[in-house]
Structures are given as structure tokens and as C-alpha cells.
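File shown: work.txt. Contents: compact mmCIF, N, CA and C atoms and all ligand atoms.
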# COMPACT_ATOMS: atom_id res chain seq x y z
N MET A 1 0.86 -1.19 0.00
CA MET A 1 0.00 0.00 0.00
C MET A 1 0.89 1.24 0.00
N SER A 2 0.87 2.01 -1.07
CA SER A 2 1.79 3.14 -1.16
C SER A 2 1.13 4.47 -0.81
N CYS A 3 -0.19 4.53 -0.84
CA CYS A 3 -0.87 5.80 -0.57
C CYS A 3 -0.71 6.17 0.90
N ILE A 4 -0.18 7.36 1.13
CA ILE A 4 0.15 7.75 2.51
C ILE A 4 -1.11 7.88 3.37
N PHE A 5 -2.21 8.34 2.78
CA PHE A 5 -3.43 8.48 3.59
C PHE A 5 -4.08 7.12 3.83
N CYS A 6 -3.96 6.20 2.87
CA CYS A 6 -4.45 4.83 3.14
C CYS A 6 -3.64 4.22 4.29
N ARG A 7 -2.38 4.53 4.34
CA ARG A 7 -1.54 3.98 5.41
C ARG A 7 -1.91 4.61 6.75
N ILE A 8 -2.29 5.88 6.76
CA ILE A 8 -2.77 6.50 8.00
C ILE A 8 -4.10 5.87 8.41
N VAL A 9 -5.00 5.67 7.45
CA VAL A 9 -6.28 5.02 7.75
C VAL A 9 -6.05 3.64 8.35
N ALA A 10 -5.07 2.92 7.82
CA ALA A 10 -4.79 1.55 8.28
C ALA A 10 -4.01 1.53 9.59
N GLY A 11 -3.57 2.70 10.05
CA GLY A 11 -2.79 2.77 11.29
C GLY A 11 -1.32 2.41 11.11
N GLU A 12 -0.87 2.35 9.88
CA GLU A 12 0.54 2.01 9.62
C GLU A 12 1.47 3.20 9.83
N ILE A 13 0.90 4.40 9.69
CA ILE A 13 1.66 5.64 9.91
C ILE A 13 0.93 6.42 11.00
N PRO A 14 1.67 6.92 11.99
CA PRO A 14 0.99 7.66 13.06
C PRO A 14 0.41 8.99 12.56
N ALA A 15 -0.68 9.38 13.16
CA ALA A 15 -1.29 10.68 12.86
C ALA A 15 -2.08 11.11 14.08
N GLU A 16 -2.29 12.41 14.19
CA GLU A 16 -3.07 12.96 15.30
C GLU A 16 -4.55 12.88 14.90
N VAL A 17 -5.12 11.71 15.16
CA VAL A 17 -6.50 11.45 14.75
C VAL A 17 -7.47 12.14 15.71
N VAL A 18 -8.45 12.86 15.14
CA VAL A 18 -9.43 13.54 15.99
C VAL A 18 -10.83 12.96 15.84
N ASP A 19 -11.06 12.20 14.79
CA ASP A 19 -12.41 11.64 14.60
C ASP A 19 -12.33 10.46 13.64
N ARG A 20 -13.18 9.48 13.90
CA ARG A 20 -13.19 8.29 13.05
C ARG A 20 -14.63 7.81 12.90
N THR A 21 -15.05 7.51 11.68
CA THR A 21 -16.33 6.85 11.44
C THR A 21 -16.03 5.66 10.52
N PRO A 22 -16.99 4.80 10.23
CA PRO A 22 -16.70 3.70 9.31
C PRO A 22 -16.24 4.19 7.93
N ASP A 23 -16.66 5.37 7.53
CA ASP A 23 -16.37 5.86 6.17
C ASP A 23 -15.38 7.00 6.10
N THR A 24 -15.02 7.59 7.25
CA THR A 24 -14.14 8.77 7.23
C THR A 24 -13.14 8.73 8.38
N LEU A 25 -12.02 9.41 8.15
CA LEU A 25 -11.04 9.62 9.21
C LEU A 25 -10.64 11.09 9.17
N ALA A 26 -10.52 11.70 10.35
CA ALA A 26 -10.06 13.09 10.43
C ALA A 26 -8.81 13.14 11.30
N PHE A 27 -7.79 13.83 10.78
CA PHE A 27 -6.53 13.93 11.50
C PHE A 27 -5.89 15.28 11.20
N LEU A 28 -4.95 15.68 12.06
CA LEU A 28 -4.32 16.99 11.87
C LEU A 28 -3.26 16.93 10.79
N ASP A 29 -3.21 17.99 10.01
CA ASP A 29 -2.19 18.10 8.96
C ASP A 29 -0.81 18.17 9.63
N VAL A 30 0.14 17.45 9.09
CA VAL A 30 1.47 17.37 9.70
C VAL A 30 2.24 18.69 9.54
N THR A 31 1.88 19.47 8.55
CA THR A 31 2.47 20.82 8.40
C THR A 31 1.31 21.82 8.35
N PRO A 32 0.77 22.13 9.53
CA PRO A 32 -0.48 22.91 9.57
C PRO A 32 -0.32 24.33 9.05
N LEU A 33 -1.32 24.76 8.30
CA LEU A 33 -1.38 26.14 7.83
C LEU A 33 -1.86 27.07 8.94
N ALA A 34 -2.48 26.48 9.94
CA ALA A 34 -2.96 27.22 11.12
C ALA A 34 -3.18 26.20 12.22
N ASP A 35 -3.21 26.64 13.47
CA ASP A 35 -3.57 25.72 14.54
C ASP A 35 -4.94 25.11 14.23
N GLY A 36 -5.04 23.81 14.40
CA GLY A 36 -6.32 23.14 14.16
C GLY A 36 -6.52 22.66 12.74
N HIS A 37 -5.56 22.92 11.85
CA HIS A 37 -5.70 22.48 10.45
C HIS A 37 -5.94 20.97 10.41
N THR A 38 -7.15 20.64 10.01
CA THR A 38 -7.62 19.25 10.07
C THR A 38 -7.90 18.76 8.66
N MET A 39 -7.63 17.50 8.43
CA MET A 39 -7.98 16.90 7.15
C MET A 39 -8.98 15.78 7.36
N VAL A 40 -9.99 15.76 6.53
CA VAL A 40 -10.99 14.70 6.58
C VAL A 40 -10.87 13.90 5.29
N VAL A 41 -10.71 12.60 5.43
CA VAL A 41 -10.53 11.74 4.25
C VAL A 41 -11.53 10.59 4.28
N PRO A 42 -11.92 10.13 3.09
CA PRO A 42 -12.69 8.89 3.04
C PRO A 42 -11.77 7.72 3.38
N THR A 43 -12.28 6.74 4.09
CA THR A 43 -11.43 5.59 4.45
C THR A 43 -11.11 4.73 3.23
N ALA A 44 -12.00 4.72 2.25
CA ALA A 44 -11.74 3.96 1.01
C ALA A 44 -10.96 4.84 0.04
N HIS A 45 -9.90 4.30 -0.51
CA HIS A 45 -9.06 5.10 -1.41
C HIS A 45 -9.82 5.55 -2.65
N VAL A 46 -9.73 6.84 -2.91
CA VAL A 46 -10.25 7.41 -4.15
C VAL A 46 -9.46 8.70 -4.37
N ALA A 47 -9.04 8.93 -5.61
CA ALA A 47 -8.13 10.05 -5.87
C ALA A 47 -8.86 11.38 -5.99
N ARG A 48 -10.02 11.35 -6.64
CA ARG A 48 -10.71 12.60 -6.96
C ARG A 48 -12.16 12.55 -6.49
N ILE A 49 -12.67 13.73 -6.20
CA ILE A 49 -14.07 13.87 -5.81
C ILE A 49 -15.00 13.21 -6.83
N GLU A 50 -14.71 13.42 -8.11
CA GLU A 50 -15.63 12.93 -9.15
C GLU A 50 -15.68 11.41 -9.22
N ASP A 51 -14.71 10.73 -8.60
CA ASP A 51 -14.69 9.27 -8.63
C ASP A 51 -15.31 8.65 -7.37
N MET A 52 -15.78 9.48 -6.45
CA MET A 52 -16.36 8.94 -5.21
C MET A 52 -17.75 8.38 -5.46
N THR A 53 -18.12 7.39 -4.66
CA THR A 53 -19.50 6.93 -4.69
C THR A 53 -20.36 7.99 -4.00
N PRO A 54 -21.64 8.06 -4.36
CA PRO A 54 -22.51 9.02 -3.66
C PRO A 54 -22.52 8.80 -2.14
N ALA A 55 -22.51 7.55 -1.72
CA ALA A 55 -22.53 7.28 -0.28
C ALA A 55 -21.26 7.77 0.40
N ALA A 56 -20.12 7.58 -0.24
CA ALA A 56 -18.86 8.06 0.33
C ALA A 56 -18.83 9.58 0.39
N ALA A 57 -19.37 10.21 -0.66
CA ALA A 57 -19.41 11.67 -0.68
C ALA A 57 -20.33 12.21 0.41
N ASP A 58 -21.48 11.57 0.58
CA ASP A 58 -22.39 11.97 1.66
C ASP A 58 -21.69 11.89 3.00
N ALA A 59 -21.03 10.76 3.23
CA ALA A 59 -20.37 10.54 4.53
C ALA A 59 -19.26 11.56 4.75
N LEU A 60 -18.52 11.88 3.69
CA LEU A 60 -17.40 12.83 3.81
C LEU A 60 -17.92 14.20 4.21
N PHE A 61 -18.95 14.66 3.51
CA PHE A 61 -19.41 16.01 3.83
C PHE A 61 -20.12 16.06 5.18
N ARG A 62 -20.77 14.99 5.55
CA ARG A 62 -21.38 14.96 6.88
C ARG A 62 -20.31 15.12 7.96
N THR A 63 -19.19 14.44 7.78
CA THR A 63 -18.12 14.56 8.78
C THR A 63 -17.54 15.97 8.77
N VAL A 64 -17.31 16.53 7.59
CA VAL A 64 -16.80 17.90 7.51
C VAL A 64 -17.75 18.84 8.25
N GLN A 65 -19.04 18.68 7.99
CA GLN A 65 -20.02 19.57 8.62
C GLN A 65 -20.03 19.39 10.14
N ARG A 66 -19.89 18.16 10.60
CA ARG A 66 -19.92 17.88 12.04
C ARG A 66 -18.66 18.41 12.74
N LEU A 67 -17.54 18.39 12.04
CA LEU A 67 -16.28 18.81 12.67
C LEU A 67 -16.03 20.32 12.58
N ALA A 68 -16.67 21.00 11.64
CA ALA A 68 -16.34 22.41 11.40
C ALA A 68 -16.45 23.26 12.68
N GLY A 69 -17.52 23.09 13.40
CA GLY A 69 -17.71 23.88 14.62
C GLY A 69 -16.71 23.50 15.71
N PRO A 70 -16.62 22.22 16.05
CA PRO A 70 -15.67 21.83 17.10
C PRO A 70 -14.21 22.19 16.78
N VAL A 71 -13.79 22.02 15.53
CA VAL A 71 -12.40 22.38 15.18
C VAL A 71 -12.20 23.88 15.41
N ARG A 72 -13.14 24.67 14.92
CA ARG A 72 -13.04 26.12 15.07
C ARG A 72 -13.01 26.53 16.54
N LYS A 73 -13.93 25.96 17.33
CA LYS A 73 -14.02 26.37 18.74
C LYS A 73 -12.80 25.90 19.53
N ALA A 74 -12.23 24.76 19.15
CA ALA A 74 -11.09 24.22 19.91
C ALA A 74 -9.89 25.15 19.89
N VAL A 75 -9.79 25.96 18.83
CA VAL A 75 -8.64 26.88 18.73
C VAL A 75 -9.10 28.35 18.77
N ASN A 76 -10.35 28.54 19.26
CA ASN A 76 -10.89 29.90 19.41
C ASN A 76 -10.80 30.71 18.12
N ALA A 77 -11.11 30.07 17.01
CA ALA A 77 -11.09 30.76 15.73
C ALA A 77 -12.44 31.41 15.45
N ALA A 78 -12.42 32.33 14.48
CA ALA A 78 -13.64 33.03 14.11
C ALA A 78 -14.39 32.32 12.98
N GLY A 79 -13.64 31.63 12.13
CA GLY A 79 -14.23 30.93 10.98
C GLY A 79 -13.31 29.84 10.51
N ASN A 80 -13.64 29.24 9.41
CA ASN A 80 -12.78 28.24 8.77
C ASN A 80 -12.74 28.50 7.28
N THR A 81 -11.61 28.21 6.66
CA THR A 81 -11.60 28.03 5.21
C THR A 81 -11.61 26.52 4.99
N ILE A 82 -12.57 26.06 4.19
CA ILE A 82 -12.73 24.62 3.95
C ILE A 82 -12.53 24.40 2.46
N GLY A 83 -11.56 23.54 2.13
CA GLY A 83 -11.27 23.41 0.70
C GLY A 83 -10.68 22.08 0.31
N ILE A 84 -10.74 21.85 -0.99
CA ILE A 84 -10.23 20.60 -1.57
C ILE A 84 -9.38 20.95 -2.78
N ASN A 85 -8.15 20.49 -2.81
CA ASN A 85 -7.36 20.51 -4.04
C ASN A 85 -7.70 19.22 -4.77
N ASP A 86 -8.29 19.33 -5.95
CA ASP A 86 -8.92 18.17 -6.59
C ASP A 86 -8.38 17.97 -8.00
N GLY A 87 -7.34 17.16 -8.09
CA GLY A 87 -6.85 16.76 -9.41
C GLY A 87 -5.75 17.63 -9.97
N ASP A 88 -5.31 17.26 -11.16
CA ASP A 88 -4.20 17.93 -11.81
C ASP A 88 -4.49 19.43 -11.95
N GLY A 89 -3.46 20.22 -11.69
CA GLY A 89 -3.60 21.66 -11.84
C GLY A 89 -4.14 22.36 -10.61
N SER A 90 -4.64 21.59 -9.65
CA SER A 90 -5.26 22.21 -8.47
C SER A 90 -4.29 22.39 -7.32
N GLY A 91 -3.14 21.72 -7.42
CA GLY A 91 -2.20 21.74 -6.29
C GLY A 91 -2.32 20.53 -5.40
N GLN A 92 -3.17 19.57 -5.78
CA GLN A 92 -3.31 18.33 -4.98
C GLN A 92 -1.98 17.58 -4.99
N THR A 93 -1.44 17.31 -3.80
CA THR A 93 -0.17 16.59 -3.71
C THR A 93 -0.34 15.15 -3.23
N VAL A 94 -1.42 14.87 -2.53
CA VAL A 94 -1.69 13.50 -2.11
C VAL A 94 -2.92 13.01 -2.85
N PRO A 95 -2.77 12.01 -3.72
CA PRO A 95 -3.89 11.59 -4.58
C PRO A 95 -4.88 10.67 -3.87
N HIS A 96 -5.32 11.12 -2.71
CA HIS A 96 -6.40 10.47 -1.94
C HIS A 96 -7.25 11.63 -1.45
N VAL A 97 -8.52 11.64 -1.82
CA VAL A 97 -9.40 12.79 -1.52
C VAL A 97 -9.24 13.23 -0.06
N HIS A 98 -9.10 14.53 0.15
CA HIS A 98 -9.01 15.06 1.51
C HIS A 98 -9.57 16.47 1.53
N VAL A 99 -10.34 16.75 2.56
CA VAL A 99 -10.91 18.08 2.75
C VAL A 99 -10.12 18.78 3.84
N HIS A 100 -9.57 19.95 3.51
CA HIS A 100 -8.85 20.76 4.50
C HIS A 100 -9.86 21.61 5.26
N ILE A 101 -9.81 21.55 6.59
CA ILE A 101 -10.53 22.50 7.44
C ILE A 101 -9.45 23.35 8.12
N VAL A 102 -9.37 24.61 7.72
CA VAL A 102 -8.32 25.48 8.24
C VAL A 102 -8.95 26.63 9.03
N PRO A 103 -8.77 26.64 10.34
CA PRO A 103 -9.36 27.73 11.15
C PRO A 103 -8.81 29.10 10.75
N ARG A 104 -9.66 30.11 10.89
CA ARG A 104 -9.31 31.47 10.47
C ARG A 104 -9.64 32.49 11.56
N TRP A 105 -8.86 33.54 11.54
CA TRP A 105 -9.05 34.67 12.44
C TRP A 105 -9.04 35.94 11.62
N PRO A 106 -9.73 36.97 12.06
CA PRO A 106 -9.62 38.25 11.33
C PRO A 106 -8.17 38.71 11.27
N ASN A 107 -7.77 39.19 10.13
CA ASN A 107 -6.40 39.72 9.96
C ASN A 107 -5.32 38.68 10.25
N ASP A 108 -5.60 37.41 9.89
CA ASP A 108 -4.58 36.37 10.12
C ASP A 108 -3.56 36.29 8.98
N GLY A 109 -3.70 37.18 8.01
CA GLY A 109 -2.72 37.23 6.93
C GLY A 109 -3.07 36.35 5.74
N GLY A 110 -4.07 35.52 5.89
CA GLY A 110 -4.50 34.67 4.77
C GLY A 110 -5.53 35.39 3.92
N GLY A 111 -5.83 34.79 2.76
CA GLY A 111 -6.85 35.35 1.90
C GLY A 111 -8.06 34.44 1.82
N SER A 112 -9.03 34.86 1.04
CA SER A 112 -10.19 34.02 0.79
C SER A 112 -9.88 33.08 -0.39
N VAL A 113 -10.79 32.19 -0.68
CA VAL A 113 -10.64 31.31 -1.84
C VAL A 113 -10.38 32.14 -3.10
N HIS A 114 -10.99 33.30 -3.17
CA HIS A 114 -10.82 34.15 -4.37
C HIS A 114 -9.37 34.55 -4.61
N THR A 115 -8.58 34.60 -3.56
CA THR A 115 -7.20 35.07 -3.73
C THR A 115 -6.30 34.02 -4.37
N ILE A 116 -6.81 32.80 -4.54
CA ILE A 116 -6.03 31.77 -5.24
C ILE A 116 -5.86 32.14 -6.70
N PHE A 117 -6.84 32.85 -7.25
CA PHE A 117 -6.95 33.01 -8.69
C PHE A 117 -6.51 34.38 -9.15
N ARG A 118 -6.06 34.44 -10.39
CA ARG A 118 -5.60 35.69 -10.98
C ARG A 118 -6.64 36.17 -11.99
N GLY A 119 -6.55 37.42 -12.29
CA GLY A 119 -7.44 37.96 -13.32
C GLY A 119 -7.07 37.41 -14.69
N GLY A 120 -7.85 37.75 -15.69
CA GLY A 120 -7.56 37.27 -17.04
C GLY A 120 -8.83 37.21 -17.84
N ASP A 121 -8.67 36.91 -19.12
CA ASP A 121 -9.84 36.82 -19.97
C ASP A 121 -10.65 35.59 -19.59
N ARG A 122 -11.95 35.73 -19.64
CA ARG A 122 -12.85 34.62 -19.34
C ARG A 122 -13.81 34.45 -20.51
N ARG A 123 -14.22 33.21 -20.72
CA ARG A 123 -15.25 32.97 -21.73
C ARG A 123 -16.58 33.54 -21.23
N PRO A 124 -17.49 33.85 -22.16
CA PRO A 124 -18.80 34.36 -21.73
C PRO A 124 -19.49 33.37 -20.78
N ILE A 125 -20.04 33.87 -19.71
CA ILE A 125 -20.66 33.02 -18.68
C ILE A 125 -21.76 32.14 -19.29
N LYS A 126 -22.54 32.71 -20.22
CA LYS A 126 -23.63 31.92 -20.83
C LYS A 126 -23.07 30.71 -21.58
N ASP A 127 -21.94 30.89 -22.28
CA ASP A 127 -21.34 29.78 -23.04
C ASP A 127 -20.85 28.69 -22.08
N VAL A 128 -20.23 29.13 -21.01
CA VAL A 128 -19.70 28.15 -20.05
C VAL A 128 -20.85 27.42 -19.35
N GLY A 129 -21.89 28.15 -19.03
CA GLY A 129 -23.07 27.52 -18.42
C GLY A 129 -23.66 26.46 -19.33
N ALA A 130 -23.74 26.79 -20.64
CA ALA A 130 -24.28 25.83 -21.61
C ALA A 130 -23.39 24.60 -21.70
N ALA A 131 -22.07 24.81 -21.67
CA ALA A 131 -21.14 23.67 -21.77
C ALA A 131 -21.29 22.75 -20.56
N ILE A 132 -21.46 23.35 -19.41
CA ILE A 132 -21.60 22.52 -18.19
C ILE A 132 -22.93 21.78 -18.21
N ARG A 133 -23.99 22.45 -18.63
CA ARG A 133 -25.29 21.75 -18.71
C ARG A 133 -25.20 20.60 -19.70
N THR A 134 -24.49 20.79 -20.80
CA THR A 134 -24.32 19.70 -21.77
C THR A 134 -23.54 18.55 -21.14
N ALA A 135 -22.47 18.88 -20.42
CA ALA A 135 -21.67 17.84 -19.77
C ALA A 135 -22.50 17.06 -18.74
N LEU A 136 -23.48 17.77 -18.17
CA LEU A 136 -24.36 17.11 -17.19
C LEU A 136 -25.47 16.30 -17.88
N GLY A 137 -25.55 16.42 -19.21
CA GLY A 137 -26.59 15.71 -19.95
C GLY A 137 -27.93 16.39 -19.89
N LYS A 138 -27.94 17.73 -19.63
CA LYS A 138 -29.22 18.44 -19.53
C LYS A 138 -29.57 19.12 -20.86
P1 LIG A 201 -2.89 18.75 -0.78
O1 LIG A 201 -1.81 19.70 -1.16
O2 LIG A 201 -2.78 17.43 -1.53
O3 LIG A 201 -4.26 19.34 -0.83
O4 LIG A 201 -2.66 18.47 0.75
C1 LIG A 201 -1.92 17.41 1.26
C2 LIG A 201 -1.69 17.71 2.71
O5 LIG A 201 -1.28 16.51 3.34
C3 LIG A 201 -0.61 18.75 2.97
O6 LIG A 201 -1.18 19.84 3.65
C4 LIG A 201 0.42 18.00 3.81
O7 LIG A 201 0.93 18.79 4.84
C5 LIG A 201 -0.38 16.84 4.36
N1 LIG A 201 0.39 15.63 4.58
C6 LIG A 201 1.25 15.04 3.71
N2 LIG A 201 1.76 13.93 4.26
C7 LIG A 201 1.21 13.82 5.50
C8 LIG A 201 1.37 12.86 6.55
O8 LIG A 201 2.12 11.89 6.45
N3 LIG A 201 0.64 13.06 7.66
C9 LIG A 201 -0.20 14.12 7.81
N4 LIG A 201 -0.87 14.23 8.97
N5 LIG A 201 -0.37 15.04 6.83
C10 LIG A 201 0.34 14.89 5.70
ZN ZN A 202 -5.34 6.23 -0.40
If you took the structure in this file and wrote it as C-alpha cells, what would it be?
Amino acid sequence: MSCIFCRIVAGEIPAEVVDRTPDTLAFLDVTPLADGHTMVVPTAHVARIEDMTPAAADALFRTVQRLAGPVRKAVNAAGNTIGINDGDGSGQTVPHVHVHIVPRWPNDGGGSVHTIFRGGDRRPIKDVGAAIRTALGK
């Protein structure tokens, strides 16, 4: 088993585990972006969100939702940034789905999700909407 998060799920690699369900594991990031930086992963290996089963996706988001408040309160934060690097080009470094819960404070020096992206030309919104509806089979 080479996947590092599968090895954490299996208990082969130590981690600061904060929550466990049959379908999810939550543990602290080894190089935290902030105190309380928690990662929630599905226990079954899957690289990308789009490859998850609906049941696994339901379980993952339920755990994220259940942990968001306790993680934030444990470190006296004001909010959380919750995000997923999903696939090539996104910055995903571990190819096992993981949701970052990163506690936030006013003026903590970080930005919003919007600050990840740069300006530039964009296709017309109507065209992109049509392309996505087509991809969805609508
Ligand atoms: P990504 O960049 O793929 O969204 O995030 C991967 C995260 O996994 C990084 O924030 C990194 O610090 C964390 N990470 C990588 N290896 C380990 C590990 O062995 N244990 C823990 N707890 N976190 C890890
Ligand atoms: Zn894995």
C-alpha cells in the first residue's frame, strides 16, 4: 500500500486522529497552515471527488459539517476556510481525496478562496453555463 493516507487510515503511519467513522477519518495536517488544520478523508481510497461513490461523498461532507464547529471552537477561531485541491492543476499533492478545514481569524494574513486566482480573460458566462449543462446531460 503506497498511498500515505491509506496507510494513515490503516494505522501504519501515526497521525493525530481527531475523529473516526466507518467511512471517514479526520486527523491533523502534519504541516499545519494554522492551529487546528484538520484533514478529513474517506477511508476507502479514491483520488478525486468525481470518482467517489454518492454514499462516500455523503459521509465525507457529513463529517466535515460535524467537525467544522468543534475544530473552530477548539482553537478559538472566528471561521474556517474549507477546501479541496482536486486533481491535476489544483495543487493536490496526495492523490487520496481530503478536505482541508483550516481555522481562520480576522487579519490572520491569509486570503479568501478568491485570492487563489488571478485575473484574465474569461469565456462568456452563458457559453460556459451551456457547456456545463451539456456535460451534465441536460
Ligand atoms: P494537498 O496539497 O494534496 O491538498 O494536501 C496534502 C496535505 O497533506 C498537505 O497539507 C500536507 O501537509 C499533508 N500531509 C502530507 N503527508 C502527510 C502525513 O504523512 N501526515 C499528515 N498528517 N499530513 C500529511
Ligand atoms: Zn489512499
| task | Could you check which of A:Asn76, A:Ser2, A:Ser112, A:Thr63 is closest to ligand LIG 201 (chain A), using only C-alpha atoms and all ligand atoms? | result |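 Answer, going by the shortest atom-to-atom distance: A:Ser2.
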| task | Around ligand ZN 202 (chain A), at most 7 Å away and counting only C-alpha atoms and all ligand atoms, which residues are there? Put them as number ranges by chain, please. | result | A: 3-6, 44-46, 95-96
Atoms kept (N, CA and C atoms) for selection, written as a compact mmCIF listing (two decimals), keeping the file's coordinate frame:
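Listing of part-v6.txt after writing:
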# COMPACT_ATOMS: atom_id res chain seq x y z
N CYS A 3 -0.19 4.53 -0.84
CA CYS A 3 -0.87 5.80 -0.57
C CYS A 3 -0.71 6.17 0.90
N ILE A 4 -0.18 7.36 1.13
CA ILE A 4 0.15 7.75 2.51
C ILE A 4 -1.11 7.88 3.37
N PHE A 5 -2.21 8.34 2.78
CA PHE A 5 -3.43 8.48 3.59
C PHE A 5 -4.08 7.12 3.83
N CYS A 6 -3.96 6.20 2.87
CA CYS A 6 -4.45 4.83 3.14
C CYS A 6 -3.64 4.22 4.29
N ALA A 44 -12.00 4.72 2.25
CA ALA A 44 -11.74 3.96 1.01
C ALA A 44 -10.96 4.84 0.04
N HIS A 45 -9.90 4.30 -0.51
CA HIS A 45 -9.06 5.10 -1.41
C HIS A 45 -9.82 5.55 -2.65
N VAL A 46 -9.73 6.84 -2.91
CA VAL A 46 -10.25 7.41 -4.15
C VAL A 46 -9.46 8.70 -4.37
N PRO A 95 -2.77 12.01 -3.72
CA PRO A 95 -3.89 11.59 -4.58
C PRO A 95 -4.88 10.67 -3.87
N HIS A 96 -5.32 11.12 -2.71
CA HIS A 96 -6.40 10.47 -1.94
C HIS A 96 -7.25 11.63 -1.45
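All residues, whether protein, DNA or RNA, that have an atom at most 7 Å from ligand LIG 201 (chain A) (counting only C-alpha atoms and all ligand atoms) are A:Ile4, A:Ala15, A:Glu16, A:Phe27, A:Leu28, A:Asp29, A:Val30, A:Thr31, A:Pro32, A:Ile84, A:Asn85, A:Gly91, A:Gln92, A:Thr93, A:Val94, A:Pro95, A:His98.
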| task | Using only C-alpha atoms, find the one residue out of A:Thr21, A:Thr134, A:Thr38, A:Thr43 that sits nearest to A:Ile82. | result | A:Thr38
Can you tell me, as a compact mmCIF listing (two decimals) with N, CA and C atoms, keeping the file's coordinate frame, which residues in chain A count as strand (DSSP E) by DSSP?
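out-v5.txt written:
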# COMPACT_ATOMS: atom_id res chain seq x y z
N VAL A 17 -5.12 11.71 15.16
CA VAL A 17 -6.50 11.45 14.75
C VAL A 17 -7.47 12.14 15.71
N VAL A 18 -8.45 12.86 15.14
CA VAL A 18 -9.43 13.54 15.99
C VAL A 18 -10.83 12.96 15.84
N ASP A 19 -11.06 12.20 14.79
CA ASP A 19 -12.41 11.64 14.60
C ASP A 19 -12.33 10.46 13.64
N ARG A 20 -13.18 9.48 13.90
CA ARG A 20 -13.19 8.29 13.05
C ARG A 20 -14.63 7.81 12.90
N THR A 24 -15.02 7.59 7.25
CA THR A 24 -14.14 8.77 7.23
C THR A 24 -13.14 8.73 8.38
N LEU A 25 -12.02 9.41 8.15
CA LEU A 25 -11.04 9.62 9.21
C LEU A 25 -10.64 11.09 9.17
N ALA A 26 -10.52 11.70 10.35
CA ALA A 26 -10.06 13.09 10.43
C ALA A 26 -8.81 13.14 11.30
N PHE A 27 -7.79 13.83 10.78
CA PHE A 27 -6.53 13.93 11.50
C PHE A 27 -5.89 15.28 11.20
N LEU A 28 -4.95 15.68 12.06
CA LEU A 28 -4.32 16.99 11.87
C LEU A 28 -3.26 16.93 10.79
N THR A 38 -7.15 20.64 10.01
CA THR A 38 -7.62 19.25 10.07
C THR A 38 -7.90 18.76 8.66
N MET A 39 -7.63 17.50 8.43
CA MET A 39 -7.98 16.90 7.15
C MET A 39 -8.98 15.78 7.36
N VAL A 40 -9.99 15.76 6.53
CA VAL A 40 -10.99 14.70 6.58
C VAL A 40 -10.87 13.90 5.29
N VAL A 41 -10.71 12.60 5.43
CA VAL A 41 -10.53 11.74 4.25
C VAL A 41 -11.53 10.59 4.28
N PRO A 42 -11.92 10.13 3.09
CA PRO A 42 -12.69 8.89 3.04
C PRO A 42 -11.77 7.72 3.38
N GLY A 79 -13.64 31.63 12.13
CA GLY A 79 -14.23 30.93 10.98
C GLY A 79 -13.31 29.84 10.51
N ASN A 80 -13.64 29.24 9.41
CA ASN A 80 -12.78 28.24 8.77
C ASN A 80 -12.74 28.50 7.28
N THR A 81 -11.61 28.21 6.66
CA THR A 81 -11.60 28.03 5.21
C THR A 81 -11.61 26.52 4.99
N ILE A 82 -12.57 26.06 4.19
CA ILE A 82 -12.73 24.62 3.95
C ILE A 82 -12.53 24.40 2.46
N GLY A 83 -11.56 23.54 2.13
CA GLY A 83 -11.27 23.41 0.70
C GLY A 83 -10.68 22.08 0.31
N VAL A 99 -10.34 16.75 2.56
CA VAL A 99 -10.91 18.08 2.75
C VAL A 99 -10.12 18.78 3.84
N HIS A 100 -9.57 19.95 3.51
CA HIS A 100 -8.85 20.76 4.50
C HIS A 100 -9.86 21.61 5.26
N ILE A 101 -9.81 21.55 6.59
CA ILE A 101 -10.53 22.50 7.44
C ILE A 101 -9.45 23.35 8.12
N VAL A 102 -9.37 24.61 7.72
CA VAL A 102 -8.32 25.48 8.24
C VAL A 102 -8.95 26.63 9.03
N PRO A 103 -8.77 26.64 10.34
CA PRO A 103 -9.36 27.73 11.15
C PRO A 103 -8.81 29.10 10.75
N ARG A 104 -9.66 30.11 10.89
CA ARG A 104 -9.31 31.47 10.47
C ARG A 104 -9.64 32.49 11.56
| Which one of A:Asp23, A:Glu50, A:Asp35, A:Glu12 sits closest to A:Pro103 if you count only C-alpha atoms? |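 The answer is A:Asp35, which sits nearest to A:Pro103.
The shortest atom-to-atom distance to A:Val9, with all atoms listed in the file taken into account, belongs to A:Pro42 out of A:Pro42, A:Asp88, A:Asp127, A:Ala34.
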| Atomic distance atom CA of A:Thr81 - atom CA of A:Val113, expressed in Å with one decimal |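 Value for the atom CA of A:Thr81-atom CA of A:Val113 distance: 7.8 Å.
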| task | Would you mind writing down, as number ranges by chain, each residue of stretch 7-90 of chain A that DSSP on the backbone assigns to helix (DSSP H, G or I)? | result | A: 7-9, 49-51, 54-74
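With only N, CA and C atoms as the basis for measurement, A:Ala47 is the residue among A:Pro106, A:Leu136, A:Ala47, A:Leu33 that approaches A:Asp86 most closely.
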| task | Kindly indicate which residue among A:Val64, A:Leu25, A:Ala55, A:Met1 lies nearest to A:Gly83, using only C-alpha atoms for the distances. | result | A:Val64
| Hey, can you check how far atom CA of A:Arg20 sits from atom C of A:Ser90? |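 Interatomic distance here is 26.3 Å.
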Hey, could you pull the box centre and edge lengths for stretch 51-58 of chain A, axis-aligned, 8 Å padding per side, all listed atoms, to one decimal in Å, as lines of an AutoDock Vina configuration file?
center_x = -18.6
center_y = 9.6
center_z = -2.8
size_x = 23.8
size_y = 21.3
size_z = 27.6
| What is the distance between atom CA of A:Leu67 and atom CA of A:Val18, in Å to one decimal? |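 Answer for the atom CA of A:Leu67 to atom CA of A:Val18 separation: 9.3 Å.
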